[in-house]
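Listing of query_35.pdb; format and content: PDB, C-alpha atoms, pLDDT in the B column.
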```
ATOM      1  CA  MET A 197       0.000   0.000   0.000  1.00 71.00           C
ATOM      2  CA  THR A 198       1.342   3.418  -0.954  1.00 85.00           C
ATOM      3  CA  ALA A 199       2.015   5.651   2.037  1.00 94.00           C
ATOM      4  CA  ALA A 200      -0.165   8.755   2.304  1.00 96.00           C
ATOM      5  CA  VAL A 201       2.915  10.712   3.378  1.00 97.00           C
ATOM      6  CA  GLU A 202       6.537   9.685   2.862  1.00 97.00           C
ATOM      7  CA  VAL A 203       9.401  11.842   4.108  1.00 97.00           C
ATOM      8  CA  CYS A 204      13.010  10.896   3.352  1.00 96.00           C
ATOM      9  CA  GLY A 205      16.144  12.608   4.628  1.00 96.00           C
ATOM     10  CA  LEU A 206      14.270  15.837   5.267  1.00 97.00           C
ATOM     11  CA  THR A 207      16.643  18.563   6.428  1.00 97.00           C
ATOM     12  CA  LYS A 208      16.267  22.305   6.897  1.00 97.00           C
ATOM     13  CA  ARG A 209      19.047  24.719   7.768  1.00 96.00           C
ATOM     14  CA  PHE A 210      18.614  28.384   8.611  1.00 95.00           C
ATOM     15  CA  ALA A 211      22.193  29.707   8.349  1.00 93.00           C
ATOM     16  CA  ASP A 212      24.059  27.785  11.094  1.00 92.00           C
ATOM     17  CA  LEU A 213      20.900  26.446  12.725  1.00 94.00           C
ATOM     18  CA  VAL A 214      19.787  22.931  11.754  1.00 94.00           C
ATOM     19  CA  ALA A 215      16.050  23.060  12.466  1.00 95.00           C
ATOM     20  CA  VAL A 216      15.267  19.635  10.972  1.00 95.00           C
ATOM     21  CA  ASP A 217      17.994  17.030  10.617  1.00 95.00           C
ATOM     22  CA  GLU A 218      17.700  13.982   8.320  1.00 95.00           C
ATOM     23  CA  VAL A 219      14.132  13.098   9.258  1.00 96.00           C
ATOM     24  CA  ASP A 220      12.510   9.970   7.780  1.00 96.00           C
ATOM     25  CA  PHE A 221       8.929   8.857   8.405  1.00 97.00           C
ATOM     26  CA  THR A 222       5.774   7.628   6.712  1.00 97.00           C
ATOM     27  CA  ALA A 223       2.073   7.956   7.488  1.00 97.00           C
ATOM     28  CA  ALA A 224      -0.300   5.270   6.284  1.00 96.00           C
ATOM     29  CA  PRO A 225      -3.650   6.092   4.653  1.00 95.00           C
ATOM     30  CA  GLY A 226      -6.166   6.909   7.386  1.00 94.00           C
ATOM     31  CA  GLU A 227      -3.535   7.051  10.132  1.00 95.00           C
ATOM     32  CA  ILE A 228      -3.414   9.787  12.780  1.00 96.00           C
ATOM     33  CA  LEU A 229       0.284  10.439  13.341  1.00 97.00           C
ATOM     34  CA  GLY A 230       1.396  12.643  16.215  1.00 96.00           C
ATOM     35  CA  ILE A 231       4.516  14.782  15.733  1.00 95.00           C
ATOM     36  CA  LEU A 232       5.711  15.677  19.202  1.00 94.00           C
ATOM     37  CA  GLY A 233       8.554  17.516  20.854  1.00 91.00           C
ATOM     38  CA  PRO A 234       9.445  20.603  22.871  1.00 90.00           C
ATOM     39  CA  ASN A 235       9.400  24.104  21.425  1.00 89.00           C
ATOM     40  CA  GLY A 236      12.101  24.402  18.778  1.00 89.00           C
ATOM     41  CA  ALA A 237      12.202  20.662  18.063  1.00 92.00           C
ATOM     42  CA  GLY A 238      11.220  21.172  14.406  1.00 93.00           C
ATOM     43  CA  LYS A 239       7.518  20.199  14.388  1.00 94.00           C
ATOM     44  CA  THR A 240       6.108  23.297  12.704  1.00 92.00           C
ATOM     45  CA  THR A 241       9.066  23.521  10.311  1.00 95.00           C
ATOM     46  CA  ILE A 242       8.284  19.978   9.150  1.00 96.00           C
ATOM     47  CA  LEU A 243       4.604  20.857   8.576  1.00 95.00           C
ATOM     48  CA  HIS A 244       5.610  23.971   6.632  1.00 95.00           C
ATOM     49  CA  MET A 245       7.880  21.870   4.403  1.00 96.00           C
ATOM     50  CA  LEU A 246       5.039  19.393   3.846  1.00 97.00           C
ATOM     51  CA  LEU A 247       2.914  22.314   2.656  1.00 95.00           C
ATOM     52  CA  GLY A 248       5.655  23.636   0.389  1.00 93.00           C
ATOM     53  CA  LEU A 249       5.827  26.907   2.350  1.00 94.00           C
ATOM     54  CA  ILE A 250       9.494  26.272   3.157  1.00 94.00           C
ATOM     55  CA  THR A 251      11.931  24.625   0.747  1.00 95.00           C
ATOM     56  CA  PRO A 252      13.969  21.816   2.318  1.00 96.00           C
ATOM     57  CA  THR A 253      17.728  22.140   2.314  1.00 96.00           C
ATOM     58  CA  ARG A 254      17.700  18.509   1.201  1.00 96.00           C
ATOM     59  CA  GLY A 255      15.447  15.503   1.312  1.00 97.00           C
ATOM     60  CA  THR A 256      12.192  14.545  -0.379  1.00 96.00           C
ATOM     61  CA  VAL A 257       8.486  14.645   0.414  1.00 97.00           C
ATOM     62  CA  ARG A 258       5.893  12.483  -1.324  1.00 97.00           C
ATOM     63  CA  ILE A 259       2.208  12.949  -0.515  1.00 97.00           C
ATOM     64  CA  LEU A 260      -0.426  10.587  -1.916  1.00 97.00           C
ATOM     65  CA  GLY A 261       2.271   9.110  -4.128  1.00 96.00           C
ATOM     66  CA  LEU A 262       3.183  12.482  -5.682  1.00 96.00           C
ATOM     67  CA  ASP A 263       6.486  14.325  -5.373  1.00 96.00           C
ATOM     68  CA  LEU A 264       5.744  17.602  -3.601  1.00 97.00           C
ATOM     69  CA  ALA A 265       8.595  19.540  -5.210  1.00 94.00           C
ATOM     70  CA  SER A 266       7.475  18.871  -8.788  1.00 95.00           C
ATOM     71  CA  ARG A 267       3.692  18.455  -8.335  1.00 95.00           C
ATOM     72  CA  ARG A 268       2.864  20.872  -5.520  1.00 94.00           C
ATOM     73  CA  ARG A 269      -0.366  22.197  -7.074  1.00 93.00           C
ATOM     74  CA  GLU A 270      -1.805  18.679  -7.493  1.00 95.00           C
ATOM     75  CA  VAL A 271      -0.787  17.723  -3.965  1.00 96.00           C
ATOM     76  CA  LEU A 272      -2.196  20.799  -2.257  1.00 93.00           C
ATOM     77  CA  ALA A 273      -5.577  20.360  -3.962  1.00 93.00           C
ATOM     78  CA  ARG A 274      -5.912  17.176  -1.873  1.00 96.00           C
ATOM     79  CA  VAL A 275      -4.416  18.500   1.373  1.00 96.00           C
ATOM     80  CA  ASN A 276      -5.383  21.085   3.990  1.00 96.00           C
ATOM     81  CA  PHE A 277      -3.968  22.677   7.124  1.00 96.00           C
ATOM     82  CA  SER A 278      -5.247  24.136  10.371  1.00 94.00           C
ATOM     83  CA  SER A 279      -3.449  25.845  13.230  1.00 91.00           C
ATOM     84  CA  ALA A 280      -4.591  27.521  16.426  1.00 84.00           C
ATOM     85  CA  TYR A 281      -2.142  30.291  15.536  1.00 86.00           C
ATOM     86  CA  THR A 282      -3.384  31.113  12.023  1.00 85.00           C
ATOM     87  CA  ALA A 283      -5.798  34.028  11.682  1.00 86.00           C
ATOM     88  CA  LEU A 284      -8.285  34.486   8.860  1.00 94.00           C
ATOM     89  CA  PRO A 285      -9.022  38.057   7.662  1.00 95.00           C
ATOM     90  CA  THR A 286     -10.709  39.763  10.588  1.00 96.00           C
ATOM     91  CA  ASN A 287     -12.630  42.331   8.502  1.00 96.00           C
ATOM     92  CA  LEU A 288     -14.613  39.614   6.706  1.00 97.00           C
ATOM     93  CA  SER A 289     -17.551  37.752   8.171  1.00 98.00           C
ATOM     94  CA  VAL A 290     -17.351  34.051   8.933  1.00 98.00           C
ATOM     95  CA  TRP A 291     -19.501  33.375   5.864  1.00 97.00           C
ATOM     96  CA  GLU A 292     -17.325  35.572   3.624  1.00 98.00           C
ATOM     97  CA  ASN A 293     -14.138  33.855   4.754  1.00 97.00           C
ATOM     98  CA  LEU A 294     -15.462  30.334   4.270  1.00 98.00           C
ATOM     99  CA  ASN A 295     -17.192  31.212   1.006  1.00 97.00           C
ATOM    100  CA  PHE A 296     -13.913  32.637  -0.326  1.00 96.00           C
ATOM    101  CA  PHE A 297     -11.971  29.474   0.512  1.00 96.00           C
ATOM    102  CA  ALA A 298     -14.778  27.233  -0.752  1.00 96.00           C
ATOM    103  CA  ARG A 299     -14.649  28.915  -4.154  1.00 93.00           C
ATOM    104  CA  LEU A 300     -10.852  28.785  -4.091  1.00 92.00           C
ATOM    105  CA  TYR A 301     -11.199  25.016  -3.620  1.00 93.00           C
ATOM    106  CA  GLY A 302     -13.690  24.778  -6.480  1.00 91.00           C
ATOM    107  CA  LEU A 303     -16.970  24.305  -4.566  1.00 91.00           C
ATOM    108  CA  ARG A 304     -19.753  25.737  -6.736  1.00 85.00           C
ATOM    109  CA  ARG A 305     -22.597  25.841  -4.201  1.00 89.00           C
ATOM    110  CA  PRO A 306     -20.824  25.887  -0.853  1.00 94.00           C
ATOM    111  CA  ARG A 307     -23.574  27.098   1.511  1.00 95.00           C
ATOM    112  CA  ARG A 308     -24.743  23.648   2.628  1.00 95.00           C
ATOM    113  CA  LYS A 309     -21.173  22.459   3.149  1.00 95.00           C
ATOM    114  CA  ILE A 310     -20.320  25.585   5.154  1.00 97.00           C
ATOM    115  CA  GLU A 311     -23.440  25.315   7.309  1.00 97.00           C
ATOM    116  CA  THR A 312     -22.789  21.604   7.946  1.00 95.00           C
ATOM    117  CA  LEU A 313     -19.211  22.227   9.080  1.00 95.00           C
ATOM    118  CA  LEU A 314     -20.128  25.187  11.277  1.00 97.00           C
ATOM    119  CA  ALA A 315     -22.765  23.019  12.957  1.00 95.00           C
ATOM    120  CA  ALA A 316     -20.324  20.122  13.340  1.00 92.00           C
ATOM    121  CA  PHE A 317     -17.910  22.364  15.253  1.00 93.00           C
ATOM    122  CA  GLU A 318     -20.768  24.086  17.134  1.00 93.00           C
ATOM    123  CA  ILE A 319     -20.230  27.637  15.831  1.00 96.00           C
ATOM    124  CA  GLU A 320     -23.202  27.876  13.444  1.00 97.00           C
ATOM    125  CA  ASP A 321     -24.418  31.003  15.242  1.00 97.00           C
ATOM    126  CA  THR A 322     -21.300  32.915  14.112  1.00 97.00           C
ATOM    127  CA  ILE A 323     -21.998  32.715  10.373  1.00 97.00           C
ATOM    128  CA  GLY A 324     -22.946  36.392  10.023  1.00 97.00           C
ATOM    129  CA  ARG A 325     -20.432  37.782  12.510  1.00 97.00           C
ATOM    130  CA  LEU A 326     -17.170  39.527  11.713  1.00 97.00           C
ATOM    131  CA  THR A 327     -14.301  37.095  12.119  1.00 97.00           C
ATOM    132  CA  GLY A 328     -12.466  39.666  14.231  1.00 96.00           C
ATOM    133  CA  SER A 329     -15.231  39.486  16.856  1.00 97.00           C
ATOM    134  CA  LEU A 330     -14.750  35.756  17.504  1.00 95.00           C
ATOM    135  CA  SER A 331     -13.139  34.366  20.634  1.00 92.00           C
ATOM    136  CA  SER A 332      -9.851  32.472  20.240  1.00 89.00           C
ATOM    137  CA  GLY A 333     -11.718  29.186  20.642  1.00 89.00           C
ATOM    138  CA  GLN A 334     -14.241  30.104  17.964  1.00 93.00           C
ATOM    139  CA  MET A 335     -11.416  31.208  15.655  1.00 92.00           C
ATOM    140  CA  THR A 336      -9.695  27.850  16.141  1.00 91.00           C
ATOM    141  CA  ARG A 337     -12.881  25.997  15.187  1.00 93.00           C
ATOM    142  CA  LEU A 338     -13.403  28.295  12.206  1.00 96.00           C
ATOM    143  CA  ASN A 339      -9.957  27.312  10.957  1.00 95.00           C
ATOM    144  CA  LEU A 340     -10.941  23.653  11.304  1.00 95.00           C
ATOM    145  CA  CYS A 341     -14.098  24.311   9.262  1.00 96.00           C
ATOM    146  CA  LYS A 342     -11.934  25.880   6.568  1.00 97.00           C
ATOM    147  CA  ALA A 343      -9.602  22.877   6.626  1.00 96.00           C
ATOM    148  CA  PHE A 344     -12.426  20.400   5.888  1.00 95.00           C
ATOM    149  CA  LEU A 345     -14.039  22.386   3.058  1.00 95.00           C
ATOM    150  CA  ASN A 346     -12.176  20.534   0.293  1.00 94.00           C
ATOM    151  CA  ASP A 347     -12.603  17.062   1.884  1.00 94.00           C
ATOM    152  CA  PRO A 348      -8.821  16.656   2.234  1.00 95.00           C
ATOM    153  CA  GLU A 349      -7.165  13.278   1.995  1.00 96.00           C
ATOM    154  CA  VAL A 350      -4.286  14.516   4.158  1.00 97.00           C
ATOM    155  CA  LEU A 351      -4.814  17.042   6.948  1.00 96.00           C
ATOM    156  CA  LEU A 352      -1.978  18.800   8.796  1.00 97.00           C
ATOM    157  CA  LEU A 353      -3.031  20.014  12.239  1.00 95.00           C
ATOM    158  CA  ASP A 354      -0.715  22.299  14.227  1.00 92.00           C
ATOM    159  CA  GLU A 355      -1.929  22.335  17.858  1.00 90.00           C
ATOM    160  CA  PRO A 356      -5.576  22.508  16.767  1.00 88.00           C
ATOM    161  CA  THR A 357      -7.002  22.505  20.308  1.00 87.00           C
ATOM    162  CA  ALA A 358      -4.449  24.813  21.948  1.00 84.00           C
ATOM    163  CA  SER A 359      -6.919  27.621  22.698  1.00 78.00           C
ATOM    164  CA  LEU A 360      -9.934  25.477  23.591  1.00 86.00           C
ATOM    165  CA  ASP A 361     -11.381  24.776  27.035  1.00 88.00           C
ATOM    166  CA  PRO A 362     -11.510  21.081  28.086  1.00 88.00           C
ATOM    167  CA  ASP A 363     -15.174  20.643  27.122  1.00 88.00           C
ATOM    168  CA  ILE A 364     -14.817  22.076  23.605  1.00 87.00           C
ATOM    169  CA  SER A 365     -11.448  20.369  23.189  1.00 89.00           C
ATOM    170  CA  GLU A 366     -13.054  16.976  23.821  1.00 89.00           C
ATOM    171  CA  LYS A 367     -15.871  17.769  21.377  1.00 88.00           C
ATOM    172  CA  VAL A 368     -13.363  18.819  18.699  1.00 89.00           C
ATOM    173  CA  ARG A 369     -11.293  15.685  19.288  1.00 89.00           C
ATOM    174  CA  ASN A 370     -14.406  13.509  18.932  1.00 89.00           C
ATOM    175  CA  ARG A 371     -15.382  15.345  15.769  1.00 87.00           C
ATOM    176  CA  LEU A 372     -11.923  14.847  14.274  1.00 90.00           C
ATOM    177  CA  GLN A 373     -12.086  11.131  15.055  1.00 89.00           C
ATOM    178  CA  LEU A 374     -15.529  10.877  13.464  1.00 89.00           C
ATOM    179  CA  LEU A 375     -14.442  12.697  10.309  1.00 85.00           C
ATOM    180  CA  GLN A 376     -11.312  10.560  10.144  1.00 87.00           C
ATOM    181  CA  ARG A 377     -13.399   7.367  10.333  1.00 88.00           C
ATOM    182  CA  GLU A 378     -16.020   8.577   7.851  1.00 89.00           C
ATOM    183  CA  GLN A 379     -13.613  10.038   5.288  1.00 89.00           C
ATOM    184  CA  GLY A 380     -10.423   8.047   5.888  1.00 92.00           C
ATOM    185  CA  VAL A 381      -8.381  11.221   6.275  1.00 95.00           C
ATOM    186  CA  THR A 382      -4.695  10.882   7.124  1.00 96.00           C
ATOM    187  CA  MET A 383      -3.826  13.372   9.870  1.00 96.00           C
ATOM    188  CA  LEU A 384      -0.466  14.682  11.026  1.00 97.00           C
ATOM    189  CA  TYR A 385      -1.039  16.180  14.434  1.00 93.00           C
ATOM    190  CA  THR A 386       1.188  18.354  16.623  1.00 93.00           C
ATOM    191  CA  SER A 387       0.216  19.049  20.220  1.00 89.00           C
ATOM    192  CA  HIS A 388       1.634  19.680  23.672  1.00 88.00           C
ATOM    193  CA  ASN A 389      -1.398  17.977  25.235  1.00 88.00           C
ATOM    194  CA  MET A 390      -0.043  14.483  25.787  1.00 90.00           C
ATOM    195  CA  GLN A 391      -3.312  13.085  27.140  1.00 88.00           C
ATOM    196  CA  GLU A 392      -5.035  14.177  23.949  1.00 90.00           C
ATOM    197  CA  VAL A 393      -2.279  12.654  21.827  1.00 91.00           C
ATOM    198  CA  GLN A 394      -2.536   9.365  23.677  1.00 89.00           C
ATOM    199  CA  LEU A 395      -6.299   9.235  23.047  1.00 88.00           C
ATOM    200  CA  LEU A 396      -6.209  10.365  19.424  1.00 91.00           C
ATOM    201  CA  CYS A 397      -3.027   9.199  17.701  1.00 94.00           C
ATOM    202  CA  ASP A 398      -2.368   5.744  16.253  1.00 95.00           C
ATOM    203  CA  ARG A 399       1.375   6.385  16.299  1.00 96.00           C
ATOM    204  CA  VAL A 400       3.695   9.176  17.418  1.00 95.00           C
ATOM    205  CA  ILE A 401       7.092  10.606  16.517  1.00 94.00           C
ATOM    206  CA  PHE A 402       9.143  12.328  19.205  1.00 93.00           C
ATOM    207  CA  LEU A 403      11.566  15.005  18.025  1.00 93.00           C
ATOM    208  CA  ALA A 404      14.467  16.611  19.868  1.00 91.00           C
ATOM    209  CA  ARG A 405      16.735  19.214  18.280  1.00 90.00           C
ATOM    210  CA  GLY A 406      15.352  18.455  14.822  1.00 93.00           C
ATOM    211  CA  ARG A 407      15.888  14.691  14.967  1.00 93.00           C
ATOM    212  CA  ILE A 408      13.535  11.778  15.558  1.00 94.00           C
ATOM    213  CA  VAL A 409      14.476  10.149  18.850  1.00 91.00           C
ATOM    214  CA  MET A 410      11.553   7.745  19.211  1.00 91.00           C
ATOM    215  CA  THR A 411       8.607   6.496  17.184  1.00 93.00           C
ATOM    216  CA  GLY A 412       5.794   3.984  17.598  1.00 94.00           C
ATOM    217  CA  PRO A 413       2.264   3.514  18.968  1.00 95.00           C
ATOM    218  CA  PRO A 414       1.850   5.379  22.288  1.00 93.00           C
ATOM    219  CA  ALA A 415       1.270   2.207  24.359  1.00 92.00           C
ATOM    220  CA  GLU A 416       4.296   0.504  22.809  1.00 93.00           C
ATOM    221  CA  ILE A 417       6.530   3.509  23.505  1.00 91.00           C
ATOM    222  CA  LEU A 418       5.412   3.674  27.122  1.00 91.00           C
ATOM    223  CA  GLN A 419       6.122  -0.023  27.569  1.00 91.00           C
ATOM    224  CA  LYS A 420       9.547   0.282  25.929  1.00 89.00           C
ATOM    225  CA  THR A 421      10.647   3.242  28.047  1.00 87.00           C
ATOM    226  CA  GLY A 422       8.930   2.281  31.289  1.00 89.00           C
ATOM    227  CA  SER A 423       7.299   5.713  31.393  1.00 88.00           C
ATOM    228  CA  ALA A 424       4.038   6.170  33.273  1.00 89.00           C
ATOM    229  CA  SER A 425       2.616   8.567  30.672  1.00 88.00           C
ATOM    230  CA  LEU A 426       3.471  10.381  27.463  1.00 90.00           C
ATOM    231  CA  GLU A 427       3.717  13.581  29.496  1.00 90.00           C
ATOM    232  CA  GLU A 428       6.442  12.062  31.685  1.00 90.00           C
ATOM    233  CA  LEU A 429       8.283  10.885  28.563  1.00 89.00           C
ATOM    234  CA  PHE A 430       7.842  14.282  26.871  1.00 88.00           C
ATOM    235  CA  ILE A 431       9.507  16.000  29.841  1.00 88.00           C
ATOM    236  CA  ALA A 432      12.387  13.509  29.828  1.00 87.00           C
ATOM    237  CA  ILE A 433      12.978  13.969  26.098  1.00 86.00           C
ATOM    238  CA  ALA A 434      12.733  17.766  26.377  1.00 84.00           C
ATOM    239  CA  ARG A 435      15.422  17.729  29.075  1.00 83.00           C
ATOM    240  CA  ASN A 436      17.712  15.129  27.536  1.00 77.00           C
ATOM    241  CA  GLY A 437      16.484  13.776  24.231  1.00 63.00           C
ATOM    242  CA  GLU A 438      19.696  11.914  23.451  1.00 56.00           C
ATOM    243  CA  LEU A 439      18.949   9.403  26.216  1.00 54.00           C
ATOM    244  CA  TYR A 440      16.041   8.141  24.132  1.00 56.00           C
ATOM    245  CA  ALA A 441      17.665   8.245  20.703  1.00 52.00           C
ATOM    246  CA  THR A 442      16.854   5.117  18.729  1.00 50.00           C
ATOM    247  CA  ASP A 443      19.429   2.993  16.970  1.00 45.00           C
ATOM    248  CA  PRO A 444      19.546   4.622  13.499  1.00 43.00           C
ATOM    249  CA  ASP A 445      20.384   1.349  11.758  1.00 41.00           C
ATOM    250  CA  LYS A 446      17.415  -0.329  13.434  1.00 41.00           C
ATOM    251  CA  GLU A 447      14.816   2.413  12.986  1.00 45.00           C
ATOM    252  CA  LYS A 448      15.763   4.106   9.701  1.00 48.00           C
ATOM    253  CA  LEU A 449      13.106   3.664   7.042  1.00 47.00           C
ATOM    254  CA  PRO A 450      14.102   2.582   3.510  1.00 48.00           C
ATOM    255  CA  CYS A 451      13.257   5.697   1.504  1.00 63.00           C
ATOM    256  CA  GLY A 452      11.287   5.062  -1.636  1.00 52.00           C
ATOM    257  CA  SER A 453      10.023   1.695  -0.441  1.00 47.00           C
ATOM    258  CA  GLY A 454       6.520   2.856   0.587  1.00 42.00           C
TER
END
```
Write out the structure in this file as structure tokens.
Amino acid sequence: MTAAVEVCGLTKRFADLVAVDEVDFTAAPGEILGILGPNGAGKTTILHMLLGLITPTRGTVRILGLDLASRRREVLARVNFSSAYTALPTNLSVWENLNFFARLYGLRRPRRKIETLLAAFEIEDTIGRLTGSLSSGQMTRLNLCKAFLNDPEVLLLDEPTASLDPDISEKVRNRLQLLQREQGVTMLYTSHNMQEVQLLCDRVIFLARGRIVMTGPPAEILQKTGSASLEELFIAIARNGELYATDPDKEKLPCGSG
């Protein structure tokens, strides 16, 4: 089976800083893959390279079997992105923002789709409001509505529940799981909420200083390390990631084999 996402030797340098260092991983179709690590570990840089917003120093990215560097337009038509830290134009209404993106994605009659997504994320009452008047939690859910407009096959989520209270966060997590089951979406998910990651993700990658130091299903990783929780392991990796570095000959994926 062709991997939904295949990353080989991905590296990004900013002058003397190596933000991402020879990263290899795959995500299977329909998998929810967590990309974890402390601030500065390279998570967001990796997502930006997967979107083609940043050009890798070296390495390759294939999404849905297509080379991102040479077929970016085709890839991005089947991908979307949401972040708690991305703002939509504040001087447009919720409807105007979503209608703009819907038409950008080629939806001819988007009203029903927009109304369905707003209801799914419980912000249907905001449709006529200016985006700038929304709370941070409502803005986060609006970004998620935008991300599902084109029925993406691969969805990149950068801390999508960071600004949500526990009740809404649980509802959003349940909605993401439902959409993933119904549509078979592959999700790459960054978060600092380890409990959420443990509930949501099929498999996780831990990064430290731009390198993968551990990967596997959450339960398997906890058993291997003897950690009581992903949060405990996260703290240990943040403080001394090298202690958990995997054997590169044992863990390295054969690029181009997916």
Practice task
Taking the file as shown, find all residues satisfying the PyMOL selection byres ((chain A and resi 352) around 12) and write them as a PyMOL selection string.
Solution key: chain A and resi 201+223+227-231+239-240+242-247+259+272+274-280+339-340+343-344+348-351+353-356+381-387
Next on the checklist: I'd like the neighbourhood of A:Pro306 as JSON, numbers by chain, where a residue qualifies if any of its atoms comes within 7 Å (using all atoms listed in the file), though same-chain residues fewer than 4 positions away should be ignored.
Outcome noted: {"A": [295, 298, 310]}
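Distances to A:Thr241 were evaluated for A:Asn287, A:Thr207, A:Thr312, A:Ser365 using all atoms listed in the file, and the minimum falls at A:Thr207.
Reported to one decimal place, the separation of atom CA of A:Arg405 from atom CA of A:Gly238 is 7.0 Å.
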Near A:Phe296, within 12 Å and counting only C-alpha atoms, which residues show up once chain neighbours fewer than 6 positions away are dropped, as a compact mmCIF listing (two decimals) with C-alpha atoms, in the coordinates of the input?
```txt
# COMPACT_ATOMS: atom_id res chain seq x y z
CA LEU A 284 -8.28 34.49 8.86
CA PRO A 285 -9.02 38.06 7.66
CA LEU A 288 -14.61 39.61 6.71
CA SER A 289 -17.55 37.75 8.17
CA VAL A 290 -17.35 34.05 8.93
CA GLY A 302 -13.69 24.78 -6.48
CA LEU A 303 -16.97 24.30 -4.57
CA ARG A 304 -19.75 25.74 -6.74
CA ARG A 305 -22.60 25.84 -4.20
CA PRO A 306 -20.82 25.89 -0.85
CA ARG A 307 -23.57 27.10 1.51
CA ILE A 310 -20.32 25.58 5.15
CA LYS A 342 -11.93 25.88 6.57
CA LEU A 345 -14.04 22.39 3.06
```
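Running the PyMOL selection byres ((chain A and resi 392) around 10) on this file leaves A:Thr357, A:Ser365, A:Glu366, A:Arg369, A:Ser387, A:His388, A:Asn389, A:Met390, A:Gln391, A:Val393, A:Gln394, A:Leu395, A:Leu396, A:Cys397, A:Leu426 selected.
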**Report entry** Answer key for the PyMOL selection byres ((chain A and resi 270) around 12), residues as number ranges by chain
**Finding:** A: 247-248, 258-269, 271-275, 301
Where is the centre and how long are the edges: axis-aligned box on stretch 199-212 of chain A, 5 Å on each side, Å to one decimal, as JSON:
```
{"center_x": 11.9, "center_y": 17.7, "center_z": 6.6, "size_x": 34.2, "size_y": 34.1, "size_z": 19.1}
```
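Distances from A:Leu403, A:Ile250, A:Met335, A:Val257 to A:Asn436 were compared using all atoms listed in the file, and the smallest one belongs to A:Leu403.
The coordinates place atom CA of A:Ile319 at 11.5 Å from atom CA of A:Trp291.
Closest approach to A:Phe402 among A:Gln419, A:Asn235, A:Gln373, A:Gln334: A:Asn235, based on only C-alpha atoms.
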Pop stretch 346-388 of chain A out of the structure in the block and write C-alpha atoms as a tab-separated table (two decimals), in the first residue's frame.
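Produced file result.tsv, reproduced below:
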```tsv
chain	number	residue	atom	x	y	z
A	346	ASN	CA	-12.18	20.53	0.29
A	347	ASP	CA	-12.60	17.06	1.88
A	348	PRO	CA	-8.82	16.66	2.23
A	349	GLU	CA	-7.17	13.28	2.00
A	350	VAL	CA	-4.29	14.52	4.16
A	351	LEU	CA	-4.81	17.04	6.95
A	352	LEU	CA	-1.98	18.80	8.80
A	353	LEU	CA	-3.03	20.01	12.24
A	354	ASP	CA	-0.72	22.30	14.23
A	355	GLU	CA	-1.93	22.34	17.86
A	356	PRO	CA	-5.58	22.51	16.77
A	357	THR	CA	-7.00	22.50	20.31
A	358	ALA	CA	-4.45	24.81	21.95
A	359	SER	CA	-6.92	27.62	22.70
A	360	LEU	CA	-9.93	25.48	23.59
A	361	ASP	CA	-11.38	24.78	27.03
A	362	PRO	CA	-11.51	21.08	28.09
A	363	ASP	CA	-15.17	20.64	27.12
A	364	ILE	CA	-14.82	22.08	23.60
A	365	SER	CA	-11.45	20.37	23.19
A	366	GLU	CA	-13.05	16.98	23.82
A	367	LYS	CA	-15.87	17.77	21.38
A	368	VAL	CA	-13.36	18.82	18.70
A	369	ARG	CA	-11.29	15.69	19.29
A	370	ASN	CA	-14.41	13.51	18.93
A	371	ARG	CA	-15.38	15.35	15.77
A	372	LEU	CA	-11.92	14.85	14.27
A	373	GLN	CA	-12.09	11.13	15.06
A	374	LEU	CA	-15.53	10.88	13.46
A	375	LEU	CA	-14.44	12.70	10.31
A	376	GLN	CA	-11.31	10.56	10.14
A	377	ARG	CA	-13.40	7.37	10.33
A	378	GLU	CA	-16.02	8.58	7.85
A	379	GLN	CA	-13.61	10.04	5.29
A	380	GLY	CA	-10.42	8.05	5.89
A	381	VAL	CA	-8.38	11.22	6.28
A	382	THR	CA	-4.69	10.88	7.12
A	383	MET	CA	-3.83	13.37	9.87
A	384	LEU	CA	-0.47	14.68	11.03
A	385	TYR	CA	-1.04	16.18	14.43
A	386	THR	CA	1.19	18.35	16.62
A	387	SER	CA	0.22	19.05	20.22
A	388	HIS	CA	1.63	19.68	23.67
```
